[in-house]
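Data file: upload04.cif. Format and content: mmCIF, C-alpha atoms.
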data_structure
#
loop_
_atom_site.group_PDB
_atom_site.id
_atom_site.type_symbol
_atom_site.label_atom_id
_atom_site.label_comp_id
_atom_site.auth_asym_id
_atom_site.auth_seq_id
_atom_site.Cartn_x
_atom_site.Cartn_y
_atom_site.Cartn_z
ATOM 1 C CA MET A 1 110.576 101.932 90.859
ATOM 2 C CA LEU A 2 113.385 100.317 88.923
ATOM 3 C CA GLU A 3 115.858 102.680 87.330
ATOM 4 C CA GLY A 4 117.524 99.933 85.322
ATOM 5 C CA LYS A 5 117.750 100.290 81.592
ATOM 6 C CA ALA A 6 116.025 97.713 79.424
ATOM 7 C CA VAL A 7 118.257 95.423 77.399
ATOM 8 C CA ILE A 8 116.746 93.897 74.268
ATOM 9 C CA GLY A 9 117.700 90.279 73.734
ATOM 10 C CA GLU A 10 115.896 89.588 70.517
ATOM 11 C CA THR A 11 113.192 91.251 68.440
ATOM 12 C CA ASP A 12 111.729 91.599 64.970
ATOM 13 C CA MET A 13 109.507 94.527 65.868
ATOM 14 C CA LEU A 14 109.639 97.955 64.320
ATOM 15 C CA GLN A 15 111.470 100.495 66.462
ATOM 16 C CA THR A 16 108.302 102.333 67.504
ATOM 17 C CA MET A 17 106.621 99.152 68.695
ATOM 18 C CA GLN A 18 109.769 98.099 70.546
ATOM 19 C CA GLN A 19 109.766 101.431 72.314
ATOM 20 C CA ASP A 20 106.113 100.951 73.275
ATOM 21 C CA ALA A 21 106.993 97.619 74.867
ATOM 22 C CA LEU A 22 109.931 99.004 76.825
ATOM 23 C CA ASN A 23 107.950 102.037 77.975
ATOM 24 C CA LEU A 24 105.083 99.847 79.145
ATOM 25 C CA ALA A 25 107.436 97.596 81.072
ATOM 26 C CA SER A 26 108.944 100.610 82.842
ATOM 27 C CA LYS A 27 105.476 101.918 83.618
ATOM 28 C CA ALA A 28 104.386 98.505 84.902
ATOM 29 C CA LEU A 29 107.356 98.446 87.270
ATOM 30 C CA ASP A 30 106.265 101.805 88.655
ATOM 31 C CA PHE A 31 102.897 100.249 89.534
ATOM 32 C CA PHE A 32 103.884 96.724 90.495
ATOM 33 C CA ASP A 33 106.608 95.004 92.441
ATOM 34 C CA VAL A 34 108.992 92.752 90.504
ATOM 35 C CA THR A 35 107.434 89.756 92.232
ATOM 36 C CA GLU A 36 104.032 90.510 90.706
ATOM 37 C CA ALA A 37 104.907 88.915 87.385
ATOM 38 C CA THR A 38 101.345 88.070 86.423
ATOM 39 C CA ASP A 39 100.115 91.622 86.986
ATOM 40 C CA ILE A 40 103.011 93.024 84.978
ATOM 41 C CA ALA A 41 102.276 90.576 82.155
ATOM 42 C CA ARG A 42 98.599 91.490 82.174
ATOM 43 C CA PHE A 43 99.326 95.220 82.164
ATOM 44 C CA ILE A 44 101.575 94.919 79.114
ATOM 45 C CA LYS A 45 99.356 92.486 77.214
ATOM 46 C CA LYS A 46 96.177 94.498 77.783
ATOM 47 C CA GLU A 47 97.767 97.697 76.551
ATOM 48 C CA PHE A 48 99.198 96.003 73.456
ATOM 49 C CA ASP A 49 95.823 94.402 72.710
ATOM 50 C CA ARG A 50 94.298 97.865 72.960
ATOM 51 C CA THR A 51 96.816 99.782 70.861
ATOM 52 C CA HIS A 52 98.075 97.155 68.408
ATOM 53 C CA GLY A 53 95.119 94.810 68.017
ATOM 54 C CA PRO A 54 94.163 91.663 69.967
ATOM 55 C CA GLY A 55 95.972 88.383 70.439
ATOM 56 C CA TRP A 56 99.142 89.356 72.302
ATOM 57 C CA GLN A 57 100.903 86.997 74.685
ATOM 58 C CA CYS A 58 103.129 88.141 77.528
ATOM 59 C CA ILE A 59 105.411 86.132 79.825
ATOM 60 C CA VAL A 60 107.321 87.784 82.665
ATOM 61 C CA GLY A 61 109.717 86.193 85.110
ATOM 62 C CA THR A 62 113.171 85.437 86.383
ATOM 63 C CA ASP A 63 113.315 81.761 85.485
ATOM 64 C CA PHE A 64 111.658 80.395 82.363
ATOM 65 C CA GLY A 65 112.363 79.081 78.897
ATOM 66 C CA SER A 66 109.908 79.077 76.071
ATOM 67 C CA PHE A 67 109.315 78.121 72.499
ATOM 68 C CA VAL A 68 106.588 79.915 70.607
ATOM 69 C CA THR A 69 105.230 80.675 67.161
ATOM 70 C CA HIS A 70 104.692 84.342 66.421
ATOM 71 C CA CYS A 71 103.692 86.399 63.430
ATOM 72 C CA CYS A 72 106.182 88.626 61.622
ATOM 73 C CA GLY A 73 107.100 91.872 63.284
ATOM 74 C CA CYS A 74 105.403 90.916 66.548
ATOM 75 C CA PHE A 75 108.049 89.474 68.835
ATOM 76 C CA ILE A 76 110.308 90.937 71.490
ATOM 77 C CA TYR A 77 112.322 89.443 74.314
ATOM 78 C CA PHE A 78 114.036 91.862 76.687
ATOM 79 C CA CYS A 79 115.312 92.251 80.227
ATOM 80 C CA ILE A 80 114.600 95.109 82.588
ATOM 81 C CA GLY A 81 116.114 95.003 86.036
ATOM 82 C CA SER A 82 115.943 91.414 87.244
ATOM 83 C CA LEU A 83 113.040 90.472 84.988
ATOM 84 C CA ALA A 84 112.896 88.873 81.566
ATOM 85 C CA ILE A 85 109.895 89.764 79.423
ATOM 86 C CA LEU A 86 108.613 87.948 76.356
ATOM 87 C CA LEU A 87 105.892 89.663 74.327
ATOM 88 C CA PHE A 88 104.543 88.300 71.063
ATOM 89 C CA ARG A 89 101.461 87.896 68.936
ATOM 90 C CA GLY A 90 100.777 84.389 67.758
ATOM 91 C CA SER A 91 98.085 84.999 65.191
ATOM 92 C CA PRO A 92 97.805 87.878 62.756
ATOM 93 C CA PRO A 93 95.151 90.451 63.664
ATOM 94 C CA PRO A 94 91.652 89.689 62.321
ATOM 95 C CA MET B 1 115.354 63.548 85.561
ATOM 96 C CA LEU B 2 112.266 64.376 87.550
ATOM 97 C CA GLU B 3 110.241 61.412 88.733
ATOM 98 C CA GLY B 4 107.372 63.371 90.211
ATOM 99 C CA LYS B 5 103.776 63.092 89.152
ATOM 100 C CA ALA B 6 102.296 65.965 87.171
ATOM 101 C CA VAL B 7 99.777 68.116 89.018
ATOM 102 C CA VAL B 8 97.332 70.093 86.887
ATOM 103 C CA ARG B 9 96.699 73.600 88.170
ATOM 104 C CA GLU B 10 94.397 74.850 85.441
ATOM 105 C CA THR B 11 93.174 73.518 82.111
ATOM 106 C CA ASP B 12 90.331 73.509 79.616
ATOM 107 C CA MET B 13 91.750 70.647 77.565
ATOM 108 C CA PRO B 14 90.028 67.337 76.966
ATOM 109 C CA GLU B 15 91.366 64.525 79.188
ATOM 110 C CA GLY B 16 93.163 62.702 76.401
ATOM 111 C CA MET B 17 95.057 65.785 75.314
ATOM 112 C CA GLN B 18 95.993 66.561 78.925
ATOM 113 C CA SER B 19 97.476 63.098 79.339
ATOM 114 C CA TYR B 20 99.410 63.410 76.114
ATOM 115 C CA VAL B 21 100.880 66.785 77.078
ATOM 116 C CA MET B 22 101.953 65.547 80.487
ATOM 117 C CA GLU B 23 103.511 62.459 78.920
ATOM 118 C CA LEU B 24 105.476 64.776 76.621
ATOM 119 C CA ALA B 25 106.650 66.726 79.650
ATOM 120 C CA HIS B 26 107.994 63.550 81.232
ATOM 121 C CA GLN B 27 109.715 62.569 77.985
ATOM 122 C CA ALA B 28 111.263 66.027 77.726
ATOM 123 C CA LEU B 29 112.497 65.859 81.315
ATOM 124 C CA ASP B 30 114.058 62.448 80.629
ATOM 125 C CA ALA B 31 115.823 63.744 77.533
ATOM 126 C CA HIS B 32 117.011 67.147 78.766
ATOM 127 C CA GLU B 33 118.642 68.724 81.798
ATOM 128 C CA VAL B 34 116.151 70.279 84.179
ATOM 129 C CA SER B 35 117.968 73.589 83.773
ATOM 130 C CA ASP B 36 117.510 73.546 79.990
ATOM 131 C CA CYS B 37 114.020 75.050 79.962
ATOM 132 C CA GLN B 38 114.210 76.145 76.358
ATOM 133 C CA SER B 39 114.928 72.657 74.995
ATOM 134 C CA ILE B 40 112.151 71.217 77.125
ATOM 135 C CA ALA B 41 109.750 73.881 75.847
ATOM 136 C CA HIS B 42 110.880 73.270 72.270
ATOM 137 C CA PHE B 43 110.385 69.506 72.505
ATOM 138 C CA ILE B 44 106.828 69.884 73.797
ATOM 139 C CA LYS B 45 105.817 72.534 71.273
ATOM 140 C CA GLN B 46 107.215 70.569 68.360
ATOM 141 C CA LYS B 47 105.404 67.358 69.293
ATOM 142 C CA LEU B 48 102.100 69.159 69.807
ATOM 143 C CA ASP B 49 102.382 70.982 66.483
ATOM 144 C CA GLU B 50 102.839 67.577 64.839
ATOM 145 C CA ALA B 51 100.016 65.892 66.730
ATOM 146 C CA TYR B 52 97.383 68.646 66.851
ATOM 147 C CA GLY B 53 98.465 71.162 64.228
ATOM 148 C CA PRO B 54 100.184 74.525 64.694
ATOM 149 C CA ALA B 55 100.660 76.838 66.478
ATOM 150 C CA TRP B 56 101.401 75.767 70.016
ATOM 151 C CA ASN B 57 103.284 77.817 72.576
ATOM 152 C CA SER B 58 105.258 76.398 75.432
ATOM 153 C CA VAL B 59 106.673 78.104 78.536
ATOM 154 C CA VAL B 60 108.642 76.147 81.120
ATOM 155 C CA GLY B 61 110.309 77.381 84.283
ATOM 156 C CA LYS B 62 110.308 77.955 87.994
ATOM 157 C CA ASP B 63 109.404 81.607 88.233
ATOM 158 C CA PHE B 64 107.171 83.377 85.741
ATOM 159 C CA GLY B 65 103.805 85.053 85.328
ATOM 160 C CA SER B 66 101.859 85.400 82.140
ATOM 161 C CA CYS B 67 98.846 86.843 80.434
ATOM 162 C CA ILE B 68 97.770 85.024 77.303
ATOM 163 C CA THR B 69 94.960 84.559 74.805
ATOM 164 C CA HIS B 70 94.372 80.960 73.777
ATOM 165 C CA LEU B 71 92.024 78.888 71.690
ATOM 166 C CA CYS B 72 89.280 77.317 73.810
ATOM 167 C CA GLY B 73 90.103 73.745 74.729
ATOM 168 C CA SER B 74 93.825 74.259 74.152
ATOM 169 C CA PHE B 75 95.296 75.412 77.417
ATOM 170 C CA ILE B 76 96.977 73.692 80.334
ATOM 171 C CA PHE B 77 99.072 74.851 83.260
ATOM 172 C CA PHE B 78 100.678 72.135 85.363
ATOM 173 C CA ARG B 79 103.701 71.335 87.455
ATOM 174 C CA VAL B 80 106.110 68.450 87.734
ATOM 175 C CA GLU B 81 107.947 68.780 91.041
ATOM 176 C CA MET B 82 109.396 72.288 90.981
ATOM 177 C CA MET B 83 108.943 72.898 87.255
ATOM 178 C CA GLU B 84 105.910 74.738 85.917
ATOM 179 C CA PHE B 85 104.543 74.196 82.416
ATOM 180 C CA LEU B 86 102.267 76.573 80.517
ATOM 181 C CA ILE B 87 101.126 75.118 77.197
ATOM 182 C CA PHE B 88 98.591 76.737 74.913
ATOM 183 C CA LYS B 89 97.538 77.167 71.320
ATOM 184 C CA ASP B 90 96.740 80.376 69.516
ATOM 185 C CA GLY B 91 93.377 80.700 67.882
ATOM 186 C CA LYS B 92 92.922 82.195 64.445
ATOM 187 C CA ASN B 93 89.456 83.347 65.401
ATOM 188 C CA PHE B 94 89.297 85.465 68.528
ATOM 189 C CA THR B 95 85.657 84.664 69.103
ATOM 190 C CA GLU B 96 86.862 81.187 70.070
ATOM 191 C CA SER B 97 89.639 82.457 72.310
ATOM 192 C CA ARG B 98 89.853 83.335 75.945
ATOM 193 C CA GLU B 99 92.364 85.106 78.111
ATOM 194 C CA GLU B 100 94.217 83.629 81.061
ATOM 195 C CA ALA B 101 96.542 85.164 83.586
ATOM 196 C CA ILE B 102 98.803 82.514 85.042
ATOM 197 C CA GLY B 103 101.415 82.940 87.711
ATOM 198 C CA VAL B 104 103.555 80.343 89.358
ATOM 199 C CA LEU B 105 103.185 81.860 92.787
ATOM 200 C CA GLN B 106 99.702 83.253 92.405
ATOM 201 C CA LYS B 107 96.240 81.876 92.043
ATOM 202 C CA ALA B 108 95.280 81.524 88.400
ATOM 203 C CA ARG B 109 92.449 83.723 87.211
ATOM 204 C CA ASN B 110 90.992 85.172 84.055
ATOM 205 C CA CYS B 111 92.024 88.573 82.798
ATOM 206 C CA ASP B 112 89.323 91.213 82.618
#
Representation of the structure as structure tokens:
Amino acid sequence: MLEGKAVIGETDMLQTMQQDALNLASKALDFFDVTEATDIARFIKKEFDRTHGPGWQCIVGTDFGSFVTHCCGCFIYFCIGSLAILLFRGSPPP
Amino acid sequence: MLEGKAVVRETDMPEGMQSYVMELAHQALDAHEVSDCQSIAHFIKQKLDEAYGPAWNSVVGKDFGSCITHLCGSFIFFRVEMMEFLIFKDGKNFTESREEAIGVLQKARNCD
């Protein structure tokens, strides 16, 4: 379990949704090792699809750059421990 | 500049689109430092938006995992030497989308 605090790099999400993302990342790191980036990404994406509607995208890792298109209010990039996490929704919910 | 040949790990793209994306990756690697993942990702996304319409997403790096939902026929995961490229397009209609879980150090498989 990582005790590190999450540091938000960039977001346009409402506070409550931000908190959901950070809480899920902490929970994921209780279940998975930091090397299991794909499982962490899946855990976070699946829960966001369930609670905030489908179409979320999640990238987790220590070494990546990205350029994406997201809909308003649905983007967050943050670091927790040694990991960077990018979570966004590309298309508005149906 | 990376001279290596691109190796496709996973894709559901038509051949022509695959070739175009990998050509863009080589162009991006010629134009940018290997360490500048964000500029490489930006270059690829921009060109694809122009060529095939928005909205493409591009992730480039050496160490990442992902879980995504993409439009069918618009997804590729490949590597050029030590760099990994995840390129995909969002669908407006989720009945035409599918989920993928992609990790650099793990076997690719569907989410479910």
Hits from the PyMOL selection byres ((chain A) within 12 of (chain B)), listed as JSON, numbers by chain: {"A": [34, 35, 36, 37, 38, 39, 40, 41, 42, 43, 44, 45, 46, 47, 48, 49, 53, 54, 55, 56, 57, 58, 59, 60, 61, 62, 63, 64, 65, 66, 67, 68, 69, 70, 71, 82, 83, 84, 85, 86, 87, 88, 89, 90, 91, 92, 93, 94]}
All file atoms of region 34-41 of chain A boxed axis-aligned, 5 Å per side, centre plus edges, as AutoDock Vina command-line options:
--center_x 104.6 --center_y 90.5 --center_z 87.2 --size_x 18.9 --size_y 15.0 --size_z 20.1
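Compared by their closest atoms to Ile8 (chain A), and using only C-alpha atoms, the residues A:Gly81, A:Ile76, A:Lys27, A:Asp33 rank with A:Ile76 nearest.
Going from CA of Ile80 (chain A) to CA of Glu33 (chain B) covers 26.7 Å.
Here CA of Thr11 (chain A) and CA of Arg79 (chain B) stand 29.1 Å from one another.
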